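S.K.: First, the structure itself, so that you have it in front of you.
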Amino acid sequence: MPMQLRIIAVILAVLFFVYTTRLVRRDKAEIRHMLKWLVLALIILLGSLFPEAGSNIAHLLGIQTLTSLALFILVGLLLIISLKYQMSLISAEKQIKNLIQEISLLKKRVEDDK
């Protein structure tokens, strides 16, 4: 990995780490949701500081370059995260639907008691 690319990766990883911690500190995000992004920033930082280890892992897996391995892993992680959020959204929608139904039943019961 060229030195310029390593420097850019380190700078971006640090900026990403700082940005995610600022979101948590300003109460714009919860730590449990941001933990995966902090880990991702740490992985990017470690990968840029020790690219030889990543290249060795890529070659062991039969992948030609570290960049291809990193892209494959990051896309896979983002797909998993996206699927998890989709499942959370579906669950929240079901809960909202149930709450609306319960409120409607309670409202009808109150109106009938009048």
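Every chain in the structure tokens takes a letter, A first, then B, and so on in the order presented; its residues are numbered from 1, and the ligands are numbered from 1 following the presented order.
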Near A:Asn56, counting only C-alpha atoms, which residues have an atom at most 12 Å away, once you skip same-chain residues fewer than 6 positions from it, shown as a VMD selection string?
M.R.: chain A and resid 47 50 62 to 66 69
S.K.: Just want the 7 Å neighbourhood of stretch 4-15 of chain A, counted on only C-alpha atoms, with same-chain residues fewer than 5 positions away dropped. Output as a list in words.
M.R.: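 My list of contacting residues is Ala41, Ile44, Leu45, Ser48 and Leu49 of chain A.
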S.K.: Residues of the last selection are to be written out with all heavy atoms, as an mmCIF file, in the first residue's frame.
M.R.:
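Once everything was written out, this is out.cif:
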```cif
data_model
loop_
_atom_site.group_PDB
_atom_site.id
_atom_site.type_symbol
_atom_site.label_atom_id
_atom_site.label_comp_id
_atom_site.auth_asym_id
_atom_site.auth_seq_id
_atom_site.Cartn_x
_atom_site.Cartn_y
_atom_site.Cartn_z
ATOM 1 N N ALA A 41 -14.074 2.089 12.386
ATOM 2 C CA ALA A 41 -12.997 3.082 12.326
ATOM 3 C C ALA A 41 -11.694 2.492 12.852
ATOM 4 O O ALA A 41 -10.624 2.732 12.288
ATOM 5 C CB ALA A 41 -13.380 4.327 13.119
ATOM 6 N N ILE A 44 -10.260 0.146 10.175
ATOM 7 C CA ILE A 44 -9.644 0.922 9.100
ATOM 8 C C ILE A 44 -8.292 1.450 9.543
ATOM 9 O O ILE A 44 -7.303 1.406 8.797
ATOM 10 C CB ILE A 44 -10.569 2.069 8.649
ATOM 11 C CG1 ILE A 44 -11.812 1.507 7.982
ATOM 12 C CG2 ILE A 44 -9.844 3.028 7.715
ATOM 13 C CD1 ILE A 44 -12.891 2.528 7.708
ATOM 14 N N LEU A 45 -8.224 1.933 10.775
ATOM 15 C CA LEU A 45 -6.963 2.449 11.305
ATOM 16 C C LEU A 45 -5.908 1.346 11.382
ATOM 17 O O LEU A 45 -4.763 1.531 10.937
ATOM 18 C CB LEU A 45 -7.190 3.069 12.681
ATOM 19 C CG LEU A 45 -5.969 3.697 13.358
ATOM 20 C CD1 LEU A 45 -5.460 4.868 12.535
ATOM 21 C CD2 LEU A 45 -6.307 4.128 14.763
ATOM 22 N N SER A 48 -4.709 0.332 7.942
ATOM 23 C CA SER A 48 -3.805 1.291 7.303
ATOM 24 C C SER A 48 -2.437 1.319 7.985
ATOM 25 O O SER A 48 -1.433 1.610 7.341
ATOM 26 C CB SER A 48 -4.424 2.683 7.303
ATOM 27 O OG SER A 48 -4.649 3.125 8.622
ATOM 28 N N LEU A 49 -2.377 0.996 9.268
ATOM 29 C CA LEU A 49 -1.088 0.978 9.964
ATOM 30 C C LEU A 49 -0.312 -0.313 9.712
ATOM 31 O O LEU A 49 0.923 -0.304 9.702
ATOM 32 C CB LEU A 49 -1.305 1.170 11.470
ATOM 33 C CG LEU A 49 -1.814 2.538 11.902
ATOM 34 C CD1 LEU A 49 -2.071 2.554 13.405
ATOM 35 C CD2 LEU A 49 -0.856 3.642 11.505
#
```
S.K.: Just the number, please: distance in Å from atom CA of A:Lys108 to atom CA of A:Lys94, one decimal.
M.R.: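 Those two atoms sit 21.2 Å apart.
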S.K.: Residues at most 10 Å from A:Leu40, counting only C-alpha atoms, excluding those fewer than 2 positions away in the same chain, as an MDAnalysis selection string?
M.R.: chainID A and resid 13 16:17 34:38 42:46 74 77
S.K.: In Å, how far is it from atom CA of A:Ile81 to atom CA of A:Arg22?
M.R.: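 Atom CA of A:Arg22 lies at a distance of 21.1 Å from atom CA of A:Ile81.
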S.K.: Between atom CA of A:Leu99 and atom CA of A:Asp27, what is the spacing in Å?
M.R.: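 Separation of atom CA of A:Asp27 and atom CA of A:Leu99: 26.9 Å.
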S.K.: From the options A:Ser104, A:Ser55, A:Asn98, A:Gln86, which residue's atoms come nearest to A:Ala70, counting only C-alpha atoms?
M.R.: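 Closest residue, counting only C-alpha atoms: A:Ser55.
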